[in-house]
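Report on the following structure.
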2 protein chains.
Amino acid sequence: MAPLGRPRGFDRTVALDLALQAFWEQGFESTSIAELTRRLGIGPPSLYAAFGDKRALFLEVLDLYYDRFVQFLDQTLAVPGARRDAIAAVLLGIARFYSTPGVPRGCMVNTVAAPTGEPALLARLAELRSSVQERLRREMRAAADAGELPRDVEPDALAAVLWTTVLGMSMRSRDGADRAELESTARSIMTIWPPIR
Amino acid sequence: MAPLGRPRGFDRTVALDLALQAFWEQGFESTSIAELTRRLGIGPPSLYAAFGDKRALFLEVLDLYYDRFVQFLDQTLAVPGARRDAIAAVLLGIARFYSTPGVPRGCMVNTVAAPTGEPALLARLAELRSSVQERLRREMRAAADAGELPRDVEPDALAAVLWTTVLGMSMRSRDGADRAELESTARSIMTIWPPIR
DNA sequence: CCCTATCTGTAATCGTGACTACAGAAGTAC
DNA sequence: GTACTTCTGTAGTCACGATTACAGATAGGG
């Protein structure tokens with residue numbers, strides 16, 4: 001049951017992924033509609049018809065990016081075993097994610113928008129960051145409740161350290177830090193949370 | 001011995017500081033010439049005559065910002081006593097710097113430019129970051145040479161952790177982290193470098 | 001007081017980038 | 001095949017932002 005009218009001449013999902021790549025590499029403001037139409041191989045009217053305006057496209061791209069990140073987080077945290085090992089795997093996984101050849105450097109959510117500009121975008125970006133940070137806090141509180149944290153380690157403070165590390169690794173990745181360096185930092189940070197026993 | 005011609009009607013130093021404030025708050029791209037002339041209280045021709053173009057003004061602002069940061073670093077590291085205490089003071093000082101009321105949040109050098117755009121500016125920003133990172137590495141190596149590091153702490157890895165923390169605190173500050181949270185993170189990180197003896 | 005040099009305010013200019021009008025193309029329903 | 005609906009390519013429109021032309025203002029040197 002194809003919808004009425006001339007069918008779209010491109011794959012919307014593929015196009016969204018190409019837009020993700022473009023925004024991730026160049027940021028929101030620096031990625032022009034012309035650049036997008038060039039990369040997606042479509043004309044401006046097609047882009048506007050399929051995604052709305054530039055802001056809407058960006059927000060949709062952002063959701064795609066975030067969903068993938070959360071999926072990684074879910075999978076990594078769901079591995080059975082000590083919670084400490086899962087968190088170490090998250091940090092190492094992020095270190096590797098930030099240093100994957102062929103993928104833009106650093107986390108898109110941290111680096112794509114100027115400090116001022118489109119308030120709706122900044123709000124959404126802040127919301128996504130806040131959500132991950134909150135997730136880390138919940139994990140650390142759960143770990144504390146389960147007696148998996150040393151007595152002198154505050155769960156909220158540890159969560160803040162982990163989040164700070166994620167943000168910092170993202171920036172270092174953008175400045176060209178290689179995989180080994182980032183992995184080293186991830187491991188060093190985990191010494192703050194010594195294994196119990 | 002005033003130079004020939006009509007004298008400039010504003011204080012160049014004050015104007016530069018106002019421009020610093022503007023760029024720091026809004027970033028390079030989002031700060032328009034109109035915004036600058038409004039804040040500095042001068043017309044476009046005066047701005048162009050005094051500073052060159054927008055890029056040149058930004059680069060000069062950047063130098064001003066960086067010089068002040070290095071001055072803070074020099075002073076804090078020069079305090080006599082254990083190197084570990086000086087580094088702790090640096091982290092705490094940065095945590096406080098990033099959460100000072102009336103001052104834009106976060107580090108200007110990390111947040112003002114889009115991932116793509118003016119290559120000259122990006123290069124300069126990366127250069128300044130690299131310079132601070134290098135400074136931390138030198139300090140940690142000196143600490144290692146002086147026997148102030150535990151045997152199982154690699155100086156370069158520790159420097160990387162410190163730098164990651166600075167970058168991460170800057171981002172968290174932009175997202176509204178308060179002074180107590182940042183100070184807490186600074187203190188937590190220092191547990192990676194336990195006092196010797 | 002007149003000349004020269006430099007600054008200042010207003011009002012262009014000029015390019016760029018988001019967005020859209022319009023004419024044609026390509027499907028479905030009958 | 002005809003009517004209807006939705007896409008696509010070209011070529012605008014429109015606003016905004018960096019930069020500058022130009023006329024007037026203000027200083028020093030004679």
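As shown in the structure tokens, the chain order sets the letters A, B, ...; within each chain, residues go from 1, and ligands are also counted from 1 in the order they appear.
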- Would you list which chain A residues are within 6 Å of chain D using only C-alpha atoms (C1' of nucleotides), as number ranges by chain? A: 4-6, 8
Taking only C-alpha atoms into account, produce a table as JSON lines in which each residue of chain B with an atom at most 9 Å from an atom of chain A appears once, together with its shortest atom pair and the distance in Å to one decimal, ordered by chain and rising number.
```
{"residue": "B:Trp24", "atom": "CA", "partner": "A:Pro115", "partner_atom": "CA", "distance": 8.6}
{"residue": "B:Glu25", "atom": "CA", "partner": "A:Pro115", "partner_atom": "CA", "distance": 6.9}
{"residue": "B:Gln26", "atom": "CA", "partner": "A:Thr116", "partner_atom": "CA", "distance": 4.8}
{"residue": "B:Gly27", "atom": "CA", "partner": "A:Pro115", "partner_atom": "CA", "distance": 5.7}
{"residue": "B:Phe28", "atom": "CA", "partner": "A:Ala114", "partner_atom": "CA", "distance": 8.2}
{"residue": "B:Glu29", "atom": "CA", "partner": "A:Ala114", "partner_atom": "CA", "distance": 7.6}
{"residue": "B:Ser30", "atom": "CA", "partner": "A:Thr116", "partner_atom": "CA", "distance": 6.3}
{"residue": "B:Thr31", "atom": "CA", "partner": "A:Thr116", "partner_atom": "CA", "distance": 8.5}
{"residue": "B:Asn110", "atom": "CA", "partner": "A:Met171", "partner_atom": "CA", "distance": 8.0}
{"residue": "B:Thr111", "atom": "CA", "partner": "A:Pro115", "partner_atom": "CA", "distance": 6.6}
{"residue": "B:Val112", "atom": "CA", "partner": "A:Ala114", "partner_atom": "CA", "distance": 6.6}
{"residue": "B:Ala113", "atom": "CA", "partner": "A:Ala114", "partner_atom": "CA", "distance": 6.5}
{"residue": "B:Ala114", "atom": "CA", "partner": "A:Ala114", "partner_atom": "CA", "distance": 5.9}
{"residue": "B:Pro115", "atom": "CA", "partner": "A:Gln26", "partner_atom": "CA", "distance": 5.3}
{"residue": "B:Thr116", "atom": "CA", "partner": "A:Gln26", "partner_atom": "CA", "distance": 4.8}
{"residue": "B:Gly117", "atom": "CA", "partner": "A:Ser30", "partner_atom": "CA", "distance": 6.6}
{"residue": "B:Ala126", "atom": "CA", "partner": "A:Asp175", "partner_atom": "CA", "distance": 6.7}
{"residue": "B:Arg129", "atom": "CA", "partner": "A:Asp175", "partner_atom": "CA", "distance": 8.5}
{"residue": "B:Ser130", "atom": "CA", "partner": "A:Asp175", "partner_atom": "CA", "distance": 8.3}
{"residue": "B:Val153", "atom": "CA", "partner": "A:Ser188", "partner_atom": "CA", "distance": 8.7}
{"residue": "B:Ala157", "atom": "CA", "partner": "A:Thr185", "partner_atom": "CA", "distance": 6.5}
{"residue": "B:Leu158", "atom": "CA", "partner": "A:Ser188", "partner_atom": "CA", "distance": 7.7}
{"residue": "B:Ala160", "atom": "CA", "partner": "A:Thr185", "partner_atom": "CA", "distance": 6.6}
{"residue": "B:Val161", "atom": "CA", "partner": "A:Thr185", "partner_atom": "CA", "distance": 5.6}
{"residue": "B:Trp163", "atom": "CA", "partner": "A:Gly168", "partner_atom": "CA", "distance": 7.7}
{"residue": "B:Thr164", "atom": "CA", "partner": "A:Gly168", "partner_atom": "CA", "distance": 4.3}
{"residue": "B:Thr165", "atom": "CA", "partner": "A:Gly168", "partner_atom": "CA", "distance": 6.0}
{"residue": "B:Val166", "atom": "CA", "partner": "A:Gly168", "partner_atom": "CA", "distance": 7.3}
{"residue": "B:Leu167", "atom": "CA", "partner": "A:Gly168", "partner_atom": "CA", "distance": 4.8}
{"residue": "B:Gly168", "atom": "CA", "partner": "A:Gly168", "partner_atom": "CA", "distance": 4.1}
{"residue": "B:Met169", "atom": "CA", "partner": "A:Thr164", "partner_atom": "CA", "distance": 6.0}
{"residue": "B:Ser170", "atom": "CA", "partner": "A:Gly168", "partner_atom": "CA", "distance": 8.6}
{"residue": "B:Met171", "atom": "CA", "partner": "A:Leu167", "partner_atom": "CA", "distance": 6.8}
{"residue": "B:Arg172", "atom": "CA", "partner": "A:Thr164", "partner_atom": "CA", "distance": 7.0}
{"residue": "B:Arg174", "atom": "CA", "partner": "A:Pro115", "partner_atom": "CA", "distance": 8.5}
{"residue": "B:Asp175", "atom": "CA", "partner": "A:Ala126", "partner_atom": "CA", "distance": 6.7}
{"residue": "B:Glu181", "atom": "CA", "partner": "A:Ala157", "partner_atom": "CA", "distance": 7.7}
{"residue": "B:Leu182", "atom": "CA", "partner": "A:Ala160", "partner_atom": "CA", "distance": 8.5}
{"residue": "B:Ser184", "atom": "CA", "partner": "A:Ala157", "partner_atom": "CA", "distance": 6.6}
{"residue": "B:Thr185", "atom": "CA", "partner": "A:Val161", "partner_atom": "CA", "distance": 5.6}
{"residue": "B:Ala186", "atom": "CA", "partner": "A:Val161", "partner_atom": "CA", "distance": 8.5}
{"residue": "B:Ser188", "atom": "CA", "partner": "A:Val161", "partner_atom": "CA", "distance": 7.3}
{"residue": "B:Ile189", "atom": "CA", "partner": "A:Val161", "partner_atom": "CA", "distance": 7.3}
{"residue": "B:Thr191", "atom": "CA", "partner": "A:Ile192", "partner_atom": "CA", "distance": 6.6}
{"residue": "B:Ile192", "atom": "CA", "partner": "A:Ile192", "partner_atom": "CA", "distance": 6.1}
```
Hey, can you spit out that residue selection with N, CA and C atoms as a short mmCIF file (atom, residue, chain, number, x, y, z; two decimals), in the first residue's frame?
```
data_model
loop_
_atom_site.label_atom_id
_atom_site.label_comp_id
_atom_site.auth_asym_id
_atom_site.auth_seq_id
_atom_site.Cartn_x
_atom_site.Cartn_y
_atom_site.Cartn_z
N TRP B 24 33.40 35.17 25.59
CA TRP B 24 33.38 34.09 26.58
C TRP B 24 31.95 33.61 26.79
N GLU B 25 31.03 34.56 26.87
CA GLU B 25 29.62 34.19 27.11
C GLU B 25 28.99 33.51 25.89
N GLN B 26 29.26 34.05 24.74
CA GLN B 26 28.47 33.66 23.57
C GLN B 26 29.23 32.86 22.53
N GLY B 27 30.53 32.79 22.65
CA GLY B 27 31.31 32.10 21.63
C GLY B 27 31.68 33.02 20.49
N PHE B 28 32.52 32.52 19.63
CA PHE B 28 33.02 33.37 18.54
C PHE B 28 31.96 33.66 17.50
N GLU B 29 31.36 32.60 16.97
CA GLU B 29 30.42 32.79 15.86
C GLU B 29 29.17 33.53 16.30
N SER B 30 28.69 33.24 17.50
CA SER B 30 27.42 33.83 17.92
C SER B 30 27.55 35.27 18.39
N THR B 31 28.77 35.74 18.53
CA THR B 31 28.95 37.13 18.94
C THR B 31 29.10 37.98 17.68
N ASN B 110 37.78 26.18 25.96
CA ASN B 110 37.15 24.91 25.61
C ASN B 110 35.82 25.07 24.91
N THR B 111 35.21 26.23 25.01
CA THR B 111 33.79 26.30 24.67
C THR B 111 33.41 27.33 23.63
N VAL B 112 34.34 28.14 23.17
CA VAL B 112 33.92 29.27 22.34
C VAL B 112 33.74 28.98 20.86
N ALA B 113 34.35 27.91 20.36
CA ALA B 113 34.31 27.75 18.90
C ALA B 113 33.60 26.46 18.50
N ALA B 114 32.91 26.50 17.39
CA ALA B 114 32.27 25.31 16.84
C ALA B 114 33.36 24.33 16.39
N PRO B 115 33.00 23.05 16.30
CA PRO B 115 33.97 22.04 15.88
C PRO B 115 34.61 22.38 14.53
N THR B 116 33.85 23.00 13.66
CA THR B 116 34.44 23.43 12.39
C THR B 116 34.27 24.94 12.28
N GLY B 117 35.06 25.54 11.42
CA GLY B 117 35.03 26.99 11.30
C GLY B 117 36.44 27.50 11.29
N ALA B 126 43.49 25.03 20.08
CA ALA B 126 44.11 23.73 20.33
C ALA B 126 45.53 23.93 20.88
N ARG B 129 45.34 24.86 24.57
CA ARG B 129 45.03 23.68 25.38
C ARG B 129 46.24 22.77 25.49
N SER B 130 46.86 22.54 24.37
CA SER B 130 48.02 21.66 24.34
C SER B 130 49.12 22.18 25.26
N VAL B 153 52.11 5.04 40.08
CA VAL B 153 51.44 6.13 39.37
C VAL B 153 52.36 6.68 38.28
N ALA B 157 50.29 9.55 32.81
CA ALA B 157 48.89 9.14 32.99
C ALA B 157 48.21 10.05 34.01
N LEU B 158 48.92 10.40 35.06
CA LEU B 158 48.34 11.30 36.06
C LEU B 158 48.08 12.67 35.46
N ALA B 160 47.43 13.28 32.42
CA ALA B 160 46.26 13.14 31.55
C ALA B 160 44.97 13.15 32.36
N VAL B 161 45.00 12.49 33.51
CA VAL B 161 43.81 12.48 34.37
C VAL B 161 43.49 13.90 34.84
N TRP B 163 44.26 16.71 33.45
CA TRP B 163 43.78 17.52 32.32
C TRP B 163 42.34 17.14 31.96
N THR B 164 42.08 15.86 31.94
CA THR B 164 40.71 15.40 31.67
C THR B 164 39.74 16.00 32.69
N THR B 165 40.20 16.05 33.92
CA THR B 165 39.35 16.60 34.97
C THR B 165 39.07 18.08 34.76
N VAL B 166 40.10 18.81 34.38
CA VAL B 166 39.92 20.24 34.12
C VAL B 166 38.90 20.45 33.01
N LEU B 167 39.08 19.72 31.93
CA LEU B 167 38.14 19.84 30.80
C LEU B 167 36.73 19.45 31.23
N GLY B 168 36.62 18.34 31.95
CA GLY B 168 35.31 17.87 32.37
C GLY B 168 34.64 18.84 33.33
N MET B 169 35.41 19.41 34.25
CA MET B 169 34.82 20.38 35.18
C MET B 169 34.33 21.60 34.41
N SER B 170 35.06 21.97 33.40
CA SER B 170 34.64 23.11 32.58
C SER B 170 33.27 22.85 31.96
N MET B 171 33.10 21.66 31.40
CA MET B 171 31.81 21.33 30.80
C MET B 171 30.71 21.26 31.84
N ARG B 172 31.00 20.65 32.97
CA ARG B 172 29.96 20.56 34.00
C ARG B 172 29.59 21.94 34.50
N ARG B 174 29.52 24.62 32.75
CA ARG B 174 28.61 25.18 31.75
C ARG B 174 27.19 24.62 31.90
N ASP B 175 27.12 23.41 32.41
CA ASP B 175 25.79 22.83 32.61
C ASP B 175 25.21 23.18 33.98
N GLU B 181 29.99 21.05 44.17
CA GLU B 181 30.14 19.84 43.37
C GLU B 181 31.51 19.78 42.70
N LEU B 182 31.92 20.90 42.12
CA LEU B 182 33.20 20.91 41.42
C LEU B 182 34.35 20.71 42.40
N SER B 184 34.22 19.10 45.12
CA SER B 184 34.18 17.70 45.52
C SER B 184 34.90 16.83 44.50
N THR B 185 34.63 17.10 43.23
CA THR B 185 35.30 16.33 42.18
C THR B 185 36.81 16.54 42.22
N ALA B 186 37.22 17.79 42.40
CA ALA B 186 38.66 18.07 42.47
C ALA B 186 39.30 17.25 43.60
N SER B 188 38.13 14.46 44.98
CA SER B 188 38.07 13.03 44.68
C SER B 188 39.22 12.63 43.76
N ILE B 189 39.45 13.44 42.75
CA ILE B 189 40.50 13.11 41.79
C ILE B 189 41.86 13.03 42.48
N THR B 191 42.59 11.79 45.11
CA THR B 191 42.84 10.51 45.79
C THR B 191 43.62 9.55 44.90
N ILE B 192 43.64 9.84 43.60
CA ILE B 192 44.46 9.01 42.71
C ILE B 192 45.94 9.19 43.04
#
```
What are the nearest atom pairs, with distances in Å to one decimal, for all residues of chain A that come at most 10 Å from chain C, using only C-alpha atoms (C1' of nucleotides), set out by chain and rising residue number as a tab-separated table?
```
residue	atom	partner	partner_atom	distance
A:Met1	CA	C:DT28	C1'	9.5
A:Ala2	CA	C:DT28	C1'	8.1
A:Pro3	CA	C:DT28	C1'	7.9
A:Leu4	CA	C:DT28	C1'	5.6
A:Gly5	CA	C:DG27	C1'	5.0
A:Arg6	CA	C:DG27	C1'	4.3
A:Pro7	CA	C:DG27	C1'	6.3
A:Arg8	CA	C:DA26	C1'	9.8
A:Ser32	CA	C:DG17	C1'	6.9
A:Ile33	CA	C:DA18	C1'	7.2
A:Ala34	CA	C:DG17	C1'	8.3
A:Pro44	CA	C:DC19	C1'	8.5
A:Pro45	CA	C:DT20	C1'	8.0
A:Tyr48	CA	C:DC19	C1'	8.7
A:Asp53	CA	C:DC19	C1'	8.3
A:Lys54	CA	C:DA18	C1'	8.3
```
- Task: Please give the complete set of residues from range 1-159 of chain B that DSSP, run on the backbone, assigns to alpha helix (DSSP H), formatted as a PyMOL selection string.
- Result: chain B and resi 12-26+33-40+44-51+54-78+83-97+108-111+119-145+155-159
- Message: So the first atom is CA of Leu121 in chain B and the second is CA of Tyr66 in chain B; what is the distance between them in Å, to one decimal place?
- Response: 13.8 Å
